[in-house]
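Have a look at protein_16.cif below; it lists mmCIF, C-alpha atoms and all ligand atoms.
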```
data_upload
#
loop_
_atom_site.label_atom_id
_atom_site.label_comp_id
_atom_site.auth_asym_id
_atom_site.auth_seq_id
_atom_site.Cartn_x
_atom_site.Cartn_y
_atom_site.Cartn_z
CA MET A 1 108.41 194.69 -4.37
CA LYS A 2 106.27 195.55 -1.37
CA GLN A 3 108.07 197.67 1.20
CA VAL A 4 107.36 197.60 4.91
CA TYR A 5 108.89 200.43 6.92
CA LEU A 6 109.50 199.33 10.51
CA ASP A 7 112.07 201.95 11.52
CA ASN A 8 109.77 204.65 12.85
CA ALA A 9 111.90 205.27 15.94
CA ALA A 10 114.59 206.54 13.54
CA THR A 11 112.18 208.72 11.64
CA THR A 12 108.64 208.65 10.26
CA MET A 13 106.96 209.34 6.97
CA THR A 14 105.79 212.95 6.79
CA ASP A 15 102.01 212.92 7.11
CA PRO A 16 100.36 214.38 3.95
CA VAL A 17 98.28 216.60 6.25
CA VAL A 18 101.57 218.03 7.57
CA VAL A 19 102.95 218.65 4.09
CA LYS A 20 99.74 220.50 3.19
CA ALA A 21 100.00 222.71 6.28
CA MET A 22 103.65 223.49 5.53
CA LEU A 23 103.35 224.31 1.85
CA PRO A 24 102.14 227.94 2.10
CA TYR A 25 105.20 228.74 4.26
CA LEU A 26 107.52 227.31 1.62
CA THR A 27 105.84 229.21 -1.20
CA ILE A 28 103.68 232.28 -0.85
CA SER A 29 104.10 233.10 2.83
CA TYR A 30 107.88 233.29 2.92
CA GLY A 31 108.40 236.30 5.17
CA ASN A 32 111.02 236.49 7.89
CA PRO A 33 109.11 236.30 11.20
CA SER A 34 111.29 239.10 12.58
CA SER A 35 110.35 241.50 9.75
CA PRO A 36 107.92 244.26 10.71
CA HIS A 37 105.83 244.09 7.49
CA GLU A 38 102.69 242.09 6.69
CA LEU A 39 104.54 239.07 5.30
CA GLY A 40 106.77 238.95 8.38
CA LYS A 41 103.78 239.23 10.68
CA GLU A 42 102.06 236.37 8.87
CA ALA A 43 105.09 234.16 9.54
CA GLN A 44 105.30 235.27 13.20
CA ASP A 45 101.58 234.55 13.69
CA ALA A 46 102.06 231.07 12.25
CA ILE A 47 104.90 230.41 14.71
CA GLU A 48 102.89 231.67 17.68
CA ASN A 49 99.93 229.55 16.68
CA ALA A 50 102.19 226.48 16.46
CA ARG A 51 103.73 227.32 19.83
CA LYS A 52 100.24 227.37 21.39
CA ILE A 53 99.43 223.96 19.91
CA ILE A 54 102.66 222.31 21.10
CA ALA A 55 102.36 223.93 24.56
CA ALA A 56 98.77 222.74 24.98
CA LYS A 57 99.83 219.14 24.25
CA ILE A 58 102.02 219.08 27.38
CA ASN A 59 100.08 221.56 29.54
CA ALA A 60 102.78 224.23 29.24
CA LYS A 61 102.46 227.94 28.57
CA PRO A 62 103.23 228.98 24.96
CA GLU A 63 106.10 231.20 26.14
CA GLU A 64 107.73 228.13 27.71
CA ILE A 65 108.28 226.52 24.28
CA ILE A 66 111.58 227.23 22.46
CA PHE A 67 111.79 225.92 18.89
CA THR A 68 115.17 224.38 18.04
CA GLY A 69 116.74 222.79 14.96
CA SER A 70 116.38 219.23 16.35
CA ALA A 71 115.80 217.21 19.50
CA THR A 72 119.59 216.90 19.68
CA GLU A 73 119.84 220.67 19.92
CA ALA A 74 117.05 220.77 22.52
CA ASP A 75 118.94 218.18 24.62
CA ASN A 76 122.15 220.23 24.32
CA LEU A 77 120.29 223.40 25.27
CA ALA A 78 118.69 221.75 28.30
CA VAL A 79 121.81 220.13 29.70
CA LYS A 80 124.43 222.71 28.83
CA GLY A 81 122.12 225.71 29.25
CA ILE A 82 121.08 224.68 32.76
CA ALA A 83 124.62 223.59 33.69
CA TYR A 84 126.22 226.88 32.60
CA ALA A 85 123.55 229.02 34.23
CA ASN A 86 123.75 227.21 37.58
CA LYS A 87 127.43 226.42 37.91
CA SER A 88 127.89 228.81 40.81
CA LYS A 89 125.43 226.60 42.74
CA GLY A 90 127.07 223.30 41.84
CA ARG A 91 128.64 221.29 39.05
CA HIS A 92 127.11 217.84 39.44
CA ILE A 93 124.64 216.27 37.00
CA ILE A 94 122.79 212.95 37.23
CA THR A 95 121.76 211.03 34.12
CA SER A 96 121.46 207.38 33.03
CA LYS A 97 123.59 205.03 30.99
CA ILE A 98 120.80 204.52 28.44
CA GLU A 99 120.27 208.12 27.37
CA HIS A 100 120.43 209.17 23.73
CA LYS A 101 123.89 210.27 22.57
CA ALA A 102 122.65 213.87 22.51
CA ILE A 103 122.55 213.74 26.31
CA LEU A 104 125.55 211.46 26.87
CA GLU A 105 127.84 213.50 24.62
CA SER A 106 126.61 216.79 26.12
CA CYS A 107 127.45 215.41 29.56
CA LYS A 108 130.87 214.27 28.31
CA ALA A 109 131.54 217.76 26.95
CA LEU A 110 130.59 219.24 30.33
CA GLU A 111 132.88 216.77 32.13
CA ALA A 112 135.74 218.08 30.01
CA GLU A 113 134.86 221.54 31.33
CA GLY A 114 135.03 220.46 34.97
CA PHE A 115 131.48 219.31 35.67
CA SER A 116 130.99 215.89 37.24
CA VAL A 117 128.35 213.46 35.99
CA THR A 118 126.82 210.34 37.58
CA TYR A 119 125.62 207.82 34.99
CA LEU A 120 123.00 205.64 36.67
CA GLY A 121 122.67 201.99 35.73
CA VAL A 122 119.32 200.44 34.84
CA SER A 123 117.52 197.17 35.58
CA ARG A 124 117.39 194.21 33.17
CA GLU A 125 114.23 195.79 31.75
CA GLY A 126 115.95 199.13 31.24
CA LEU A 127 114.36 200.95 34.17
CA VAL A 128 116.02 203.63 36.27
CA ASN A 129 115.19 203.12 39.93
CA PRO A 130 114.04 206.50 41.32
CA GLN A 131 115.68 205.52 44.62
CA ASP A 132 119.03 205.39 42.78
CA VAL A 133 118.43 208.97 41.64
CA LYS A 134 117.74 209.95 45.24
CA LYS A 135 120.91 208.23 46.47
CA ALA A 136 123.03 209.93 43.79
CA ILE A 137 121.92 213.45 44.74
CA ARG A 138 124.73 215.49 46.27
CA LYS A 139 124.94 218.97 47.72
CA ASP A 140 126.32 220.24 44.42
CA THR A 141 123.76 218.47 42.16
CA ILE A 142 122.08 221.00 39.86
CA LEU A 143 120.35 218.83 37.25
CA VAL A 144 118.84 215.39 36.71
CA SER A 145 118.29 214.34 33.09
CA ILE A 146 116.47 211.03 32.62
CA MET A 147 114.75 210.23 29.34
CA HIS A 148 111.01 209.51 29.23
CA ALA A 149 111.04 206.60 26.74
CA ASN A 150 114.11 204.88 25.38
CA ASN A 151 114.67 204.99 21.62
CA GLU A 152 116.10 201.46 21.36
CA ILE A 153 114.11 199.29 23.76
CA GLY A 154 111.08 201.54 24.32
CA THR A 155 111.27 201.39 28.13
CA VAL A 156 109.20 204.11 29.78
CA GLN A 157 110.71 205.61 32.93
CA ASP A 158 108.81 206.64 36.06
CA ILE A 159 109.34 210.35 35.43
CA ALA A 160 106.58 211.28 37.88
CA ALA A 161 108.55 209.75 40.77
CA ILE A 162 111.84 211.26 39.57
CA GLY A 163 110.23 214.69 39.07
CA LYS A 164 108.78 214.58 42.58
CA LEU A 165 112.06 213.83 44.26
CA CYS A 166 113.92 216.46 42.19
CA LYS A 167 111.36 219.02 43.28
CA SER A 168 111.76 218.17 46.94
CA ALA A 169 115.57 218.35 46.58
CA GLY A 170 115.37 221.69 44.71
CA ILE A 171 117.12 220.27 41.62
CA TYR A 172 116.16 220.89 38.01
CA PHE A 173 114.67 217.92 36.15
CA HIS A 174 114.98 217.49 32.38
CA THR A 175 113.48 214.63 30.41
CA ASP A 176 113.96 213.71 26.76
CA ALA A 177 110.51 212.98 25.38
CA ALA A 178 111.56 212.75 21.71
CA GLN A 179 110.17 209.20 21.45
CA SER A 180 107.18 209.49 23.77
CA PHE A 181 105.62 212.78 22.65
CA THR A 182 102.00 212.19 21.53
CA LYS A 183 102.35 208.49 22.37
CA ILE A 184 102.17 208.94 26.15
CA PRO A 185 100.26 211.86 27.66
CA ILE A 186 102.64 214.33 29.32
CA ASP A 187 101.58 217.02 31.77
CA VAL A 188 104.65 219.04 32.69
CA ARG A 189 102.84 220.78 35.53
CA ALA A 190 101.42 217.65 37.13
CA ILE A 191 104.74 215.83 37.11
CA ASN A 192 107.07 218.74 37.86
CA ILE A 193 109.29 218.84 34.81
CA ASP A 194 111.59 221.85 34.38
CA ALA A 195 112.76 221.06 30.85
CA LEU A 196 111.51 218.62 28.23
CA THR A 197 112.78 217.75 24.76
CA LEU A 198 110.44 217.24 21.79
CA SER A 199 110.98 216.18 18.20
CA ALA A 200 108.81 216.54 15.09
CA HIS A 201 110.19 213.86 12.80
CA LYS A 202 109.31 211.02 15.19
CA ILE A 203 105.62 211.95 14.93
CA HIS A 204 105.22 212.32 11.14
CA GLY A 205 106.42 215.91 11.16
CA PRO A 206 109.38 217.31 9.21
CA LYS A 207 113.04 216.67 10.05
CA GLY A 208 115.21 219.49 11.36
CA ILE A 209 112.81 220.81 13.97
CA GLY A 210 112.56 220.16 17.68
CA ALA A 211 111.54 222.07 20.76
CA LEU A 212 112.52 222.50 24.35
CA TYR A 213 109.96 223.24 27.00
CA ILE A 214 111.59 225.31 29.73
CA LYS A 215 109.51 226.03 32.79
CA GLN A 216 109.14 229.74 33.50
CA GLY A 217 111.71 230.82 36.08
CA THR A 218 114.22 228.06 35.23
CA LYS A 219 117.72 229.53 35.27
CA THR A 220 119.23 228.71 31.90
CA HIS A 221 121.55 230.10 29.23
CA PRO A 222 121.33 230.00 25.44
CA ILE A 223 123.96 227.92 23.66
CA ILE A 224 123.52 229.60 20.26
CA HIS A 225 124.18 233.33 20.23
CA GLY A 226 122.94 235.92 17.75
CA GLY A 227 119.55 237.57 17.29
CA SER A 228 116.77 237.66 19.87
CA GLN A 229 114.57 235.00 18.27
CA GLU A 230 112.82 232.52 20.56
CA SER A 231 113.00 234.84 23.57
CA ALA A 232 116.78 235.13 22.95
CA MET A 233 117.11 231.44 23.86
CA ARG A 234 117.79 230.24 20.30
CA ALA A 235 119.20 232.73 17.85
CA GLY A 236 118.64 232.25 14.13
CA THR A 237 115.77 232.83 11.73
CA GLU A 238 113.04 230.31 12.52
CA HIS A 239 112.16 227.58 10.00
CA VAL A 240 108.54 228.66 9.80
CA ALA A 241 107.31 225.80 7.59
CA ASN A 242 108.94 223.21 9.87
CA ILE A 243 107.44 224.80 12.96
CA VAL A 244 103.99 224.82 11.35
CA GLY A 245 104.51 221.19 10.27
CA PHE A 246 105.53 220.21 13.81
CA ALA A 247 102.28 221.57 15.22
CA ALA A 248 100.22 219.96 12.43
CA ALA A 249 101.85 216.60 13.20
CA ALA A 250 101.10 216.96 16.92
CA ASN A 251 97.49 217.81 16.07
CA ALA A 252 97.17 214.81 13.77
CA SER A 253 97.99 212.29 16.49
CA SER A 254 95.15 210.41 18.14
CA GLN A 255 94.44 207.99 20.97
CA GLN A 256 93.03 205.60 18.40
CA ASP A 257 96.41 205.46 16.62
CA ILE A 258 98.13 204.66 19.92
CA ARG A 259 95.72 201.82 20.68
CA LYS A 260 96.20 200.43 17.17
CA MET A 261 100.01 200.56 17.42
CA ALA A 262 99.96 198.86 20.83
CA MET A 263 97.73 196.10 19.48
CA LEU A 264 100.01 195.52 16.48
CA ARG A 265 103.11 195.64 18.73
CA ASP A 266 101.63 192.90 20.93
CA TYR A 267 100.64 190.81 17.92
CA PHE A 268 104.09 191.22 16.34
CA THR A 269 105.77 190.30 19.64
CA ARG A 270 103.64 187.15 20.04
CA GLU A 271 104.45 186.06 16.49
CA LEU A 272 108.21 186.66 17.00
CA LEU A 273 108.19 184.66 20.23
CA ARG A 274 106.81 181.68 18.32
CA LEU A 275 110.17 181.46 16.55
CA PRO A 276 112.86 179.40 18.28
CA LYS A 277 115.52 181.20 20.31
CA VAL A 278 113.95 184.65 20.21
CA THR A 279 113.75 186.86 23.31
CA ILE A 280 112.39 190.38 23.77
CA ASN A 281 114.61 193.15 25.15
CA GLY A 282 113.12 195.73 27.50
CA SER A 283 110.01 195.84 29.63
CA LYS A 284 106.80 194.00 28.78
CA ILE A 285 104.69 196.51 30.68
CA ARG A 286 106.42 199.90 30.73
CA ARG A 287 106.92 200.04 26.98
CA LEU A 288 106.25 202.46 24.11
CA CYS A 289 103.24 201.49 22.01
CA ASN A 290 105.33 201.18 18.83
CA ASN A 291 108.55 199.47 19.97
CA ILE A 292 109.66 195.86 19.62
CA ASN A 293 113.29 194.93 20.25
CA ALA A 294 114.07 191.27 19.75
CA ALA A 295 117.22 189.16 20.07
CA PHE A 296 117.45 186.42 17.41
CA HIS A 297 120.04 184.35 19.28
CA GLY A 298 122.78 182.86 17.14
CA ILE A 299 122.04 185.21 14.24
CA ASP A 300 124.09 188.28 13.40
CA ALA A 301 121.67 191.25 13.39
CA GLU A 302 123.50 193.06 10.57
CA THR A 303 123.29 189.98 8.34
CA MET A 304 119.62 189.60 9.09
CA LEU A 305 118.95 193.30 8.49
CA ASN A 306 120.66 193.05 5.10
CA HIS A 307 118.43 190.11 4.17
CA LEU A 308 115.35 191.99 5.39
CA ASN A 309 116.45 195.09 3.49
CA SER A 310 116.86 193.13 0.25
CA ARG A 311 113.28 191.88 0.69
CA GLY A 312 111.88 195.38 1.32
CA ILE A 313 111.61 195.22 5.13
CA PHE A 314 113.30 198.20 6.79
CA ALA A 315 114.30 197.92 10.44
CA SER A 316 117.46 198.68 12.39
CA SER A 317 119.77 197.30 15.01
CA GLY A 318 119.39 200.26 17.36
CA SER A 319 119.71 203.99 17.29
CA ALA A 320 120.04 205.49 13.80
CA CYS A 321 122.64 207.92 15.17
CA THR A 322 124.96 205.06 16.16
CA ALA A 323 124.08 202.54 13.44
CA SER A 324 127.47 202.98 11.80
CA GLU A 325 129.33 202.11 15.00
CA LEU A 326 130.63 198.57 15.35
CA GLU A 327 130.37 198.51 19.14
CA PRO A 328 127.30 196.76 20.57
CA SER A 329 124.56 199.19 21.60
CA HIS A 330 125.28 201.00 24.89
CA VAL A 331 121.62 200.52 25.82
CA LEU A 332 121.62 196.75 25.30
CA LYS A 333 124.91 196.48 27.20
CA ALA A 334 123.44 198.56 30.05
CA ILE A 335 120.53 196.12 30.47
CA GLY A 336 123.05 193.34 30.85
CA LEU A 337 122.98 191.65 27.44
CA SER A 338 126.08 189.75 26.35
CA ASP A 339 127.84 191.04 23.22
CA GLU A 340 126.40 188.02 21.40
CA ALA A 341 122.81 188.83 22.40
CA ALA A 342 123.27 192.56 21.74
CA ASN A 343 124.69 191.86 18.28
CA SER A 344 121.73 189.63 17.46
CA SER A 345 119.12 192.24 18.43
CA ILE A 346 116.87 194.11 16.03
CA ARG A 347 114.54 197.02 16.68
CA PHE A 348 111.22 197.11 14.85
CA SER A 349 109.28 200.32 15.35
CA LEU A 350 105.75 200.89 14.11
CA SER A 351 103.78 203.99 13.16
CA LYS A 352 100.14 204.95 12.81
CA PHE A 353 100.45 204.00 9.15
CA THR A 354 101.61 200.41 9.88
CA THR A 355 98.92 197.83 9.06
CA LYS A 356 98.28 194.26 10.18
CA HIS A 357 98.97 193.22 6.61
CA ASP A 358 102.43 194.85 6.88
CA ILE A 359 103.13 192.89 10.06
CA ASP A 360 101.95 189.58 8.58
CA TYR A 361 104.10 190.20 5.51
CA ALA A 362 107.14 191.04 7.66
CA ILE A 363 106.63 188.07 9.98
CA ALA A 364 106.47 185.64 7.06
CA LEU A 365 109.77 186.96 5.68
CA ILE A 366 111.41 187.04 9.12
CA ARG A 367 110.40 183.39 9.66
CA GLU A 368 111.91 182.44 6.32
CA ILE A 369 115.16 184.42 6.84
CA VAL A 370 115.64 183.19 10.42
CA SER A 371 115.22 179.59 9.39
CA SER A 372 117.60 179.94 6.42
CA LEU A 373 120.28 181.77 8.50
CA ARG A 374 119.99 179.18 11.26
CA SER A 375 120.43 176.30 8.83
CA ILE A 376 123.50 178.01 7.28
CA ASN A 377 124.88 178.42 10.84
CA ALA A 378 124.22 174.74 11.56
CA VAL A 379 126.00 173.64 8.36
CA ASN A 380 128.94 175.94 9.19
CA LYS A 381 129.17 174.46 12.68
CA ILE A 382 129.35 170.90 11.30
CA TYR A 383 131.91 172.01 8.74
CA ILE A 384 134.06 173.85 11.32
CA SER A 385 133.89 171.01 13.85
CA LYS A 386 135.14 168.50 11.26
C1 LIG B 401 115.37 209.85 22.61
C2 LIG B 401 115.93 210.68 21.51
N1 LIG B 401 116.49 211.87 21.80
C3 LIG B 401 117.01 212.66 20.86
C4 LIG B 401 116.99 212.29 19.55
C5 LIG B 401 117.59 213.21 18.52
O1 LIG B 401 116.60 213.69 17.68
P1 LIG B 401 116.94 214.57 16.37
O2 LIG B 401 117.09 213.59 15.28
O3 LIG B 401 115.73 215.46 16.19
O4 LIG B 401 118.15 215.33 16.65
C6 LIG B 401 116.42 211.08 19.18
C7 LIG B 401 116.44 210.62 17.77
O5 LIG B 401 116.74 209.49 17.47
C8 LIG B 401 115.88 210.24 20.19
O6 LIG B 401 115.34 209.07 19.90
#
```
Starting from the coordinates I provided, produce the structure as structure tokens.
Amino acid sequence: MKQVYLDNAATTMTDPVVVKAMLPYLTISYGNPSSPHELGKEAQDAIENARKIIAAKINAKPEEIIFTGSATEADNLAVKGIAYANKSKGRHIITSKIEHKAILESCKALEAEGFSVTYLGVSREGLVNPQDVKKAIRKDTILVSIMHANNEIGTVQDIAAIGKLCKSAGIYFHTDAAQSFTKIPIDVRAINIDALTLSAHKIHGPKGIGALYIKQGTKTHPIIHGGSQESAMRAGTEHVANIVGFAAAANASSQQDIRKMAMLRDYFTRELLRLPKVTINGSKIRRLCNNINAAFHGIDAETMLNHLNSRGIFASSGSACTASELEPSHVLKAIGLSDEAANSSIRFSLSKFTTKHDIDYAIALIREIVSSLRSINAVNKIYISK
């Protein structure tokens, strides 16, 4: 059976080019980067080369990149690290209701420790109004954390405007760019970002590796204690192969891939909208090139996903981290969807490896499944009303 993978916001296939770059560091070049001998130096050089590559992608300095075990860890390091290091200045943080759980749960943990957090609402399209950020700033605000692109609905925030007003208020600005990295150009200097989260496995790199950009001079604390790896900001022996793979994945991304994904996203969206009672969640304009989130009104998303799964089409009903929760997505609720609409919504996310043939194949099956589920619903309604 043909398989079509449309869950690239959850994770992506590791690019063969990435696997090739990683292999030497899983086999012959296995030294500990902290060891003083030749094999250790080889590993350290590989890390520093990768750091340069990642830094260059966002116009940062190599020493401003801290490799972490995941984007979740990078988010924790940004929020908790900055909060702990600046608590004598203030204990107030501003974030949004549609952040990834890595941010929301970090904020919750800080609230339990006496910090106060403002969770900003978003528009129907999922946009944070920069003016709302401005209004929420207090004397004791130390950090604003607003994600760049949302993992469920793909909405892209105006981080340039938010960065500008944080700078003028003298407040640190963190943004989670796990979904947008390599898909939207990011220049941390031009848009005044103090901390930025990156992930490898969303861009065809390996799982279990992320990074945090921290602007030089930003007052922050480590959250993992031990050795002095990563400028003493993240203790623990580095996963050299994963770091090398991360950089190889970043290098393998291209503008051409982005244009292709955006074209396929638009085509997929048009085809879905031809089906009855389908609406698109999120913004039409400020949207990631690979994200489609559609509500199939009157159809239970989990039932539809099971049908799609049994036919080889892999998608999801939201964030992979919360897929096991029965509650409707916090993001879809925040944009004002009813429980019914939220529970009928499915996220399809594309990658550079997705083809038009994949989309046509998926659309044909979606059409068939939607029509069969709708007719079952109609029969049930007649039966129940009798
Ligand atoms: C926006 C965002 N932030 C953070 C994460 C966490 O990434 P990781 O799986 O590397 O911990 C994800 C992954 O889904 C994400 O989409």
Once 3 Å is added on each side, what centre and edge lengths in Å to one decimal does the axis-aligned box around all listed atoms of ligand LIG 401 (chain B) have, as JSON?
```
{"center_x": 116.7, "center_y": 212.3, "center_z": 18.9, "size_x": 8.8, "size_y": 12.4, "size_z": 13.3}
```
Kindly indicate which residue among A:Leu264, A:Ile98, A:Ala177, A:Val4 lies nearest to ligand LIG 401 (chain B), using only C-alpha atoms and all ligand atoms for the distances.
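Looking at the shortest contact to ligand LIG 401 (chain B), the residue is A:Ala177.
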Enumerate residues in contact with ligand LIG 401 (chain B): an atom-to-atom distance of at most 9 Å, counting all atoms listed in the file. Format the result as a PyMOL selection string.
chain A and resi 9-11+69-75+99-103+147-152+176-180+197-202+207-210+319-321
Tell me, counting only C-alpha atoms, for each residue of segment 122-239 of chain A within 12 Å of segment 21-30 of chain A, which pair of atoms is nearest and how far apart they are in Å to one decimal, in rows ordered by chain and increasing number, as CSV.
```
residue,atom,partner,partner_atom,distance
A:Gly205,CA,A:Met22,CA,9.8
A:Pro206,CA,A:Met22,CA,9.2
A:Thr237,CA,A:Tyr30,CA,11.8
A:Glu238,CA,A:Tyr30,CA,11.3
A:His239,CA,A:Tyr25,CA,9.1
```
With distances taken over all atoms listed in the file, which of A:Ile66, A:Cys107, A:Val122, A:Leu365 is nearest to Ala211 of chain A?
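Checking each of A:Ile66, A:Cys107, A:Val122, A:Leu365 against Ala211 of chain A, counting all atoms listed in the file, the winner is A:Ile66.
Shortest atom-to-atom contact with Ile292 of chain A among A:Ser338, A:Ser344, A:Gly154, A:Gly81: A:Gly154, counting all atoms listed in the file.
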Residues at most 9 Å from Ala250 of chain A, counting all atoms listed in the file, excluding those fewer than 4 positions away in the same chain, as number ranges by chain?
A: 53-54, 57, 181-182, 200, 203-205, 245-246, 254
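Here the question is which of A:Val244, A:Ala262, A:Met233, A:Leu273 gets nearest to Ile285 of chain A using all atoms listed in the file, and that residue is A:Ala262.
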Counting all atoms listed in the file, which residue out of A:Ser228, A:Ser88, A:Thr279, A:Ser145 sits closest to Asp194 of chain A?
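Ranking A:Ser228, A:Ser88, A:Thr279, A:Ser145 by distance to Asp194 of chain A, first place goes to A:Ser145.
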Please report the interatomic distance between atom CA of Gly170 of chain A and atom CA of Ile137 of chain A in Å with one decimal.
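Going from atom CA of Gly170 of chain A over to atom CA of Ile137 of chain A covers 10.5 Å.
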Show me, as a VMD selection string, the residues that have an atom within 7 Å of Arg234 of chain A when counting all atoms listed in the file, minus same-chain residues fewer than 3 positions from it.
chain A and resid 68 222 224 229 to 230
d(atom CA of Gly90 of chain A, atom CA of Ile142 of chain A) in Å:
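Straight-line distance from atom CA of Gly90 of chain A to atom CA of Ile142 of chain A works out to 5.8 Å.
Nearest-residue note for Arg286 of chain A: choosing from A:Thr155, A:Thr14, A:Ser35, A:Thr303, the minimum distance belongs to A:Thr155, counting all atoms listed in the file.
The spacing separating atom CA of Leu275 of chain A from atom CA of Met304 of chain A amounts to 14.5 Å.
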Counting all atoms listed in the file, find the residues whose atoms lie at most 12 Å from (134.0, 222.2, 32.0) (file coordinates) and write them out as a list in words.
Lys80, Ala83, Tyr84, Lys87, Arg91, His92, Ser106, Cys107, Lys108, Ala109, Leu110, Glu111, Ala112, Glu113, Gly114, Phe115, Ser116 and Val117 of chain A
Residues within 10 Å of Lys164 of chain A, please, as a ChimeraX atom specification. Count only C-alpha atoms; anything in the same chain fewer than 2 positions from it doesn't count.
/A:130,159-162,166-170,173,190-193
Considering only C-alpha atoms, return as a VMD selection string whatever protein or nucleic-acid residues lie within 12 Å of Leu308 of chain A, sequence-local ones (same chain, fewer than 2 positions apart) excluded.
chain A and resid 2 to 6 301 to 306 310 to 317 346 348 361 to 370 373
Env of segment 45-48 of chain A: 8 Å cut, atoms = all atoms listed in the file, seq-sep filter 6 positions within chain, self excluded. Answer as a PyMOL selection string.
chain A and resi 62+240+243-244
